[in-house]
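Trainee: Next up is a structure, given as structure tokens.
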Amino acid sequence: MAETATKAVEVKEPFFGKKERKLLVDPLDDNNPITVQVLGICSALAVTSMVKPAFIMALSATFVMALSNLTVSFLRKGMPKQVRMIVQLVVIAFLVTIVELVLKAASYPIWKQLSVYIGLIITNCIVMGRLEAFAMANKPWRSFLDGLGNGAGYGIILLMVAAVREIFGKGSFAGFKLIGNNPEYLIDTTSNAFFSWYMPNNIMVLPAAALFVICVIIWVQRARNRKLIDIS
Amino acid sequence: MSNNSYILTYIIGLSAFVALMLALAFSGLKPIHDANEEVFKKRDILSAIKDQFEVDVMNCPPQEVFDIFDKKVTQVVIDANGQVVEGKKADDIDMKQEEKKPKEDRLYPLYIYEGDSEKYYLTAVRGNGLWDKIWATVAIKDDFNTIAGVSFDHVTETAGLGAEIKDSEAFKKAFQGLELYNDEGKYVSVSVVKGGIKKPDHQVDAIAGATITSNGVTEMMYKGLAVYLPYFESLKK
């Protein structure tokens with residue numbers, strides 16, 4: 001649908017050109033919603049104690065961002081300006097509820113684990129932010145890409161934080177047991193003399209640890225990417 | 001700027017459309033949700049004695065869980081006096097609802113698992129953790145004294161601290177083989193203690209940093225198992 005809309009109006013512009021690529025790639029680094037815009041921190045703290053739920057959360061949020069951007073972009077011309085926020089919220093809430101219903105049917109244990117946080121995608125500042133900042137002023141196909149890009153940028157940070165927290169907090173990665181104090185783990189600290197001092201760090205399991213990890217990510221990112229230093 | 005009637009029509013139309021779609025999605029998926037919930041609950045109950053099964057009850061296909069329940073599990077409901085309530089299945093009992101009733105009206109579910117050689121009584125207990133409710137399935141051997149295994153769950157205990165009652169295999173394993181009655185035949189239940197176990201038959205080492213959850217477990221075990229005792233007494237005869 002998005003495809004035909006773009007092609008019919010602007011024949012000159014390529015379907016997937018430089019600008020479109022920039023929409024997808026920019027949020028991954030230069031304009032990352034979490035580390036540069038510092039949006040959506042709440043869920044980044046809450047659901048990043050393990051990789052698997054974080055991955056599902058990232059997927060759900062990306063789905064919601066891409067489709068709400070697309071929908072709002074389609075509706076943007078007929079939308080009464082006075083109530084645009086309400087319309088945006090209805091669209092987001094609708095998509096999030098669909099995600100929640102589908103997840104509950106597809107994987108009940110993960111749905112239980114994420115509990116309220118799926119519902120809280122509705123209040124994720126990134127979604128609303130992209131709708132106001134981008135989808136209200138751009139064509140559907142580009143808005144869709146912008147949603148995808150921002151979802152991926154959000155997801156990649158979520159996964160990085162979750163990987164660090166799960167490895168150091170629980171000694172496992174996505175459920176695969178790496179290091180711990182019984183024979184089920186790959187490195188068994190009770191029998192391995194070299195790692196006998198090792199203990200999982202409990203603070204990594206607590207939400208506060210996500211802040212430390214995100215701060216370190218921001219630090220590393222700005223050290224490598226000089227142009228970000230003066231932005232915020 | 002749009003006029004008011006346009007805004008109103010737009011919003012009502014949009015809301016009606018969204019409401020319709022959500023209603024369809026919800027009622028379409030409801031059977032799957034219910035089935036998932038049932039399997040989840042049954043897995044949770046069986047996980048208290050998960051060493052007894054060849055299959056991994058937490059991850060096996062749902063059909064195998066139902067098979068175990070159909071062939072090997074008898075469901076009983078008992079009342080506050082330890083009498084069996086006829087015509088009710090343990091599945092029908094919602095502990096959350098029972099809690100709201102006065103003590104003498106409460107009903108308790110009991111799943112009796114009959115394996116090839118052993119018989120287990122799977123009791124349900126419920127209590128308070130630090131933040132919200134915690135509950136457990138406690139499997140008791142047919143001497144009505146020894147605990148064969150437990151599985152815990154909670155609404156929202158602290159990850160890494162209170163939540164370890166569910167996540168830590170070692171903690172759950174520590175309950176295996178503990179006894180409800182002391183040497184004089186008095187009911188003492190099992191307790192979670194800090195700083196060293198003095199009575200190895202009745203005590204489990206607490207999780208560091210989770211004092212209130214641990215105390216909650218102790219209280220839940222004492223009060224929760226007590227209600228099943230009259231029924232067990234009647235079986236002993």
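Just remember, in the structure tokens the first chain shown is A, the second B, etc., residues are 1-based per chain, and ligands are 1-based in the order shown.
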Considering only C-alpha atoms, extract the chain A residues located within 6 Å of chain B and return them as a ChimeraX atom specification.
Mentor: /A:80,105,205
Trainee: Contacts of Ile207 of chain B at 8 Å or less, counting only C-alpha atoms, minus same-chain residues fewer than 6 places along, as a ChimeraX atom specification?
Mentor: /B:161-162,164-165,171,194,214
Trainee: Just list the residues in segment 25-144 of chain B DSSP gives strand (DSSP E) on the backbone, as a ChimeraX atom specification.
Mentor: /B:73-79,107-114,119-128,133-141
Trainee: From the list B:Met95, B:Ser234, B:Glu114, B:Gly185, which residue is nearest Thr137 of chain B when using only C-alpha atoms?
Mentor: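 For Thr137 of chain B, the nearest of the given residues is B:Met95.
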Trainee: Quick one: pick out all helix (DSSP H, G or I) residues within segment 108-234 of chain B from a backbone DSSP run and write them as a PyMOL selection string.
Mentor: chain B and resi 164-167+169-173+211-226+229-234
Trainee: Go ahead and save the picked residues with N, CA and C atoms, as a PDB file, in the first residue's frame.
Mentor:
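To be explicit, this is the file written out as part_25.pdb:
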ATOM      1  N   GLU B 164      13.854 -15.383  43.845  1.00  0.00           N
ATOM      2  CA  GLU B 164      14.649 -16.612  43.821  1.00  0.00           C
ATOM      3  C   GLU B 164      13.862 -17.808  44.341  1.00  0.00           C
ATOM      4  N   ILE B 165      12.809 -17.585  45.116  1.00  0.00           N
ATOM      5  CA  ILE B 165      12.017 -18.730  45.565  1.00  0.00           C
ATOM      6  C   ILE B 165      11.504 -19.492  44.361  1.00  0.00           C
ATOM      7  N   LYS B 166      11.251 -18.770  43.267  1.00  0.00           N
ATOM      8  CA  LYS B 166      10.788 -19.443  42.058  1.00  0.00           C
ATOM      9  C   LYS B 166      11.966 -19.836  41.161  1.00  0.00           C
ATOM     10  N   ASP B 167      12.946 -18.953  41.043  1.00  0.00           N
ATOM     11  CA  ASP B 167      14.013 -19.147  40.061  1.00  0.00           C
ATOM     12  C   ASP B 167      15.116 -20.089  40.524  1.00  0.00           C
ATOM     13  N   GLU B 169      16.726 -23.272  41.703  1.00  0.00           N
ATOM     14  CA  GLU B 169      16.444 -24.705  41.831  1.00  0.00           C
ATOM     15  C   GLU B 169      16.929 -25.214  43.187  1.00  0.00           C
ATOM     16  N   ALA B 170      18.053 -24.668  43.639  1.00  0.00           N
ATOM     17  CA  ALA B 170      18.646 -25.139  44.896  1.00  0.00           C
ATOM     18  C   ALA B 170      17.694 -24.897  46.065  1.00  0.00           C
ATOM     19  N   PHE B 171      17.042 -23.730  46.050  1.00  0.00           N
ATOM     20  CA  PHE B 171      16.120 -23.408  47.140  1.00  0.00           C
ATOM     21  C   PHE B 171      14.957 -24.402  47.178  1.00  0.00           C
ATOM     22  N   LYS B 172      14.413 -24.699  45.998  1.00  0.00           N
ATOM     23  CA  LYS B 172      13.273 -25.618  45.949  1.00  0.00           C
ATOM     24  C   LYS B 172      13.715 -27.020  46.346  1.00  0.00           C
ATOM     25  N   LYS B 173      14.915 -27.392  45.908  1.00  0.00           N
ATOM     26  CA  LYS B 173      15.425 -28.729  46.226  1.00  0.00           C
ATOM     27  C   LYS B 173      15.607 -28.916  47.723  1.00  0.00           C
ATOM     28  N   THR B 211      14.502 -11.391  53.413  1.00  0.00           N
ATOM     29  CA  THR B 211      13.986 -11.812  54.718  1.00  0.00           C
ATOM     30  C   THR B 211      12.470 -11.895  54.735  1.00  0.00           C
ATOM     31  N   ILE B 212      11.819 -10.850  54.187  1.00  0.00           N
ATOM     32  CA  ILE B 212      10.369 -10.807  54.308  1.00  0.00           C
ATOM     33  C   ILE B 212       9.719 -11.887  53.450  1.00  0.00           C
ATOM     34  N   THR B 213      10.254 -12.099  52.250  1.00  0.00           N
ATOM     35  CA  THR B 213       9.725 -13.181  51.421  1.00  0.00           C
ATOM     36  C   THR B 213       9.930 -14.524  52.118  1.00  0.00           C
ATOM     37  N   SER B 214      11.112 -14.711  52.727  1.00  0.00           N
ATOM     38  CA  SER B 214      11.394 -15.968  53.419  1.00  0.00           C
ATOM     39  C   SER B 214      10.427 -16.188  54.580  1.00  0.00           C
ATOM     40  N   ASN B 215      10.194 -15.134  55.366  1.00  0.00           N
ATOM     41  CA  ASN B 215       9.226 -15.250  56.454  1.00  0.00           C
ATOM     42  C   ASN B 215       7.841 -15.555  55.909  1.00  0.00           C
ATOM     43  N   GLY B 216       7.531 -14.946  54.761  1.00  0.00           N
ATOM     44  CA  GLY B 216       6.245 -15.205  54.120  1.00  0.00           C
ATOM     45  C   GLY B 216       6.104 -16.676  53.761  1.00  0.00           C
ATOM     46  N   VAL B 217       7.198 -17.262  53.252  1.00  0.00           N
ATOM     47  CA  VAL B 217       7.171 -18.682  52.895  1.00  0.00           C
ATOM     48  C   VAL B 217       6.927 -19.521  54.150  1.00  0.00           C
ATOM     49  N   THR B 218       7.631 -19.192  55.232  1.00  0.00           N
ATOM     50  CA  THR B 218       7.465 -19.938  56.478  1.00  0.00           C
ATOM     51  C   THR B 218       6.013 -19.916  56.945  1.00  0.00           C
ATOM     52  N   GLU B 219       5.434 -18.712  56.947  1.00  0.00           N
ATOM     53  CA  GLU B 219       4.062 -18.578  57.420  1.00  0.00           C
ATOM     54  C   GLU B 219       3.085 -19.308  56.508  1.00  0.00           C
ATOM     55  N   MET B 220       3.333 -19.166  55.188  1.00  0.00           N
ATOM     56  CA  MET B 220       2.470 -19.828  54.210  1.00  0.00           C
ATOM     57  C   MET B 220       2.513 -21.340  54.400  1.00  0.00           C
ATOM     58  N   MET B 221       3.708 -21.874  54.619  1.00  0.00           N
ATOM     59  CA  MET B 221       3.858 -23.316  54.785  1.00  0.00           C
ATOM     60  C   MET B 221       3.135 -23.786  56.043  1.00  0.00           C
ATOM     61  N   TYR B 222       3.234 -22.995  57.108  1.00  0.00           N
ATOM     62  CA  TYR B 222       2.631 -23.417  58.373  1.00  0.00           C
ATOM     63  C   TYR B 222       1.109 -23.396  58.276  1.00  0.00           C
ATOM     64  N   LYS B 223       0.572 -22.245  57.864  1.00  0.00           N
ATOM     65  CA  LYS B 223      -0.885 -22.106  57.831  1.00  0.00           C
ATOM     66  C   LYS B 223      -1.502 -22.904  56.687  1.00  0.00           C
ATOM     67  N   GLY B 224      -0.829 -22.875  55.538  1.00  0.00           N
ATOM     68  CA  GLY B 224      -1.400 -23.483  54.336  1.00  0.00           C
ATOM     69  C   GLY B 224      -1.491 -24.990  54.442  1.00  0.00           C
ATOM     70  N   LEU B 225      -0.452 -25.617  54.980  1.00  0.00           N
ATOM     71  CA  LEU B 225      -0.472 -27.081  55.049  1.00  0.00           C
ATOM     72  C   LEU B 225      -1.374 -27.566  56.180  1.00  0.00           C
ATOM     73  N   ALA B 226      -1.544 -26.715  57.207  1.00  0.00           N
ATOM     74  CA  ALA B 226      -2.343 -27.124  58.364  1.00  0.00           C
ATOM     75  C   ALA B 226      -3.761 -27.506  57.953  1.00  0.00           C
ATOM     76  N   LEU B 229      -4.273 -31.144  57.040  1.00  0.00           N
ATOM     77  CA  LEU B 229      -3.959 -32.194  58.009  1.00  0.00           C
ATOM     78  C   LEU B 229      -5.160 -33.044  58.420  1.00  0.00           C
ATOM     79  N   PRO B 230      -6.341 -32.432  58.719  1.00  0.00           N
ATOM     80  CA  PRO B 230      -7.487 -33.266  59.101  1.00  0.00           C
ATOM     81  C   PRO B 230      -7.812 -34.312  58.035  1.00  0.00           C
ATOM     82  N   TYR B 231      -7.713 -33.899  56.770  1.00  0.00           N
ATOM     83  CA  TYR B 231      -7.996 -34.830  55.683  1.00  0.00           C
ATOM     84  C   TYR B 231      -6.964 -35.958  55.671  1.00  0.00           C
ATOM     85  N   PHE B 232      -5.712 -35.616  55.842  1.00  0.00           N
ATOM     86  CA  PHE B 232      -4.659 -36.638  55.878  1.00  0.00           C
ATOM     87  C   PHE B 232      -4.878 -37.599  57.051  1.00  0.00           C
ATOM     88  N   GLU B 233      -5.302 -37.015  58.181  1.00  0.00           N
ATOM     89  CA  GLU B 233      -5.564 -37.868  59.344  1.00  0.00           C
ATOM     90  C   GLU B 233      -6.621 -38.907  59.020  1.00  0.00           C
ATOM     91  N   SER B 234      -7.677 -38.473  58.293  1.00  0.00           N
ATOM     92  CA  SER B 234      -8.758 -39.385  57.981  1.00  0.00           C
ATOM     93  C   SER B 234      -8.283 -40.481  57.022  1.00  0.00           C
TER      94      SER B 234
END
Trainee: Atom CA of Gly17 of chain A to atom CA of Trp141 of chain A: how many Å, to one decimal?
Mentor: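 A separation of 12.1 Å between them.
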Trainee: Find the residues near Glu179 of chain B: any atom within 6 Å, counting only C-alpha atoms, skip ones fewer than 2 places away on the same chain, and give them as JSON, numbers by chain.
Mentor: {"B": [145, 146, 181, 201, 202]}
Trainee: For Leu159 of chain A, which of A:Ser49, A:Ser172, A:Asn31, A:Thr190 is the closest residue, counting only C-alpha atoms?
Mentor: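 That would be A:Ser49, the residue with the smallest distance to Leu159 of chain A.
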Trainee: If you count only C-alpha atoms, which residues fall within 9 Å of Arg106 of chain B, apart from same-chain ones fewer than 5 positions away, as a JSON list (two decimals) with N, CA and C atoms, in the first residue's frame?
Mentor:
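File produced: selection-v3.json:
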[["chain", "number", "residue", "atom", "x", "y", "z"],
["B", 78, "ILE", "N", -11.37, -30.33, 49.27],
["B", 78, "ILE", "CA", -11.72, -30.53, 50.67],
["B", 78, "ILE", "C", -12.15, -29.21, 51.29],
["B", 79, "ASP", "N", -12.98, -29.30, 52.32],
["B", 79, "ASP", "CA", -13.43, -28.07, 52.98],
["B", 79, "ASP", "C", -12.57, -27.82, 54.23],
["B", 80, "ALA", "N", -12.94, -26.79, 54.97],
["B", 80, "ALA", "CA", -12.09, -26.37, 56.08],
["B", 80, "ALA", "C", -12.01, -27.41, 57.20],
["B", 95, "MET", "N", -7.87, -20.18, 44.26],
["B", 95, "MET", "CA", -7.40, -19.80, 45.60],
["B", 95, "MET", "C", -7.61, -18.32, 45.87],
["B", 98, "GLU", "N", -11.09, -17.97, 47.05],
["B", 98, "GLU", "CA", -11.31, -18.62, 48.33],
["B", 98, "GLU", "C", -10.83, -17.74, 49.48],
["B", 99, "GLU", "N", -9.75, -17.00, 49.21],
["B", 99, "GLU", "CA", -9.16, -16.17, 50.25],
["B", 99, "GLU", "C", -10.12, -15.11, 50.78],
["B", 100, "LYS", "N", -11.08, -14.70, 49.91],
["B", 100, "LYS", "CA", -11.98, -13.64, 50.29],
["B", 100, "LYS", "C", -13.09, -14.15, 51.20],
["B", 101, "LYS", "N", -13.28, -15.48, 51.21],
["B", 101, "LYS", "CA", -14.36, -16.03, 52.04],
["B", 101, "LYS", "C", -13.92, -16.10, 53.50]]
Trainee: For a test of reading the model, state the distance in Å between atom CA of Val102 of chain A and atom CA of Met57 of chain A, rounded to one decimal.
Mentor: 13.2 Å
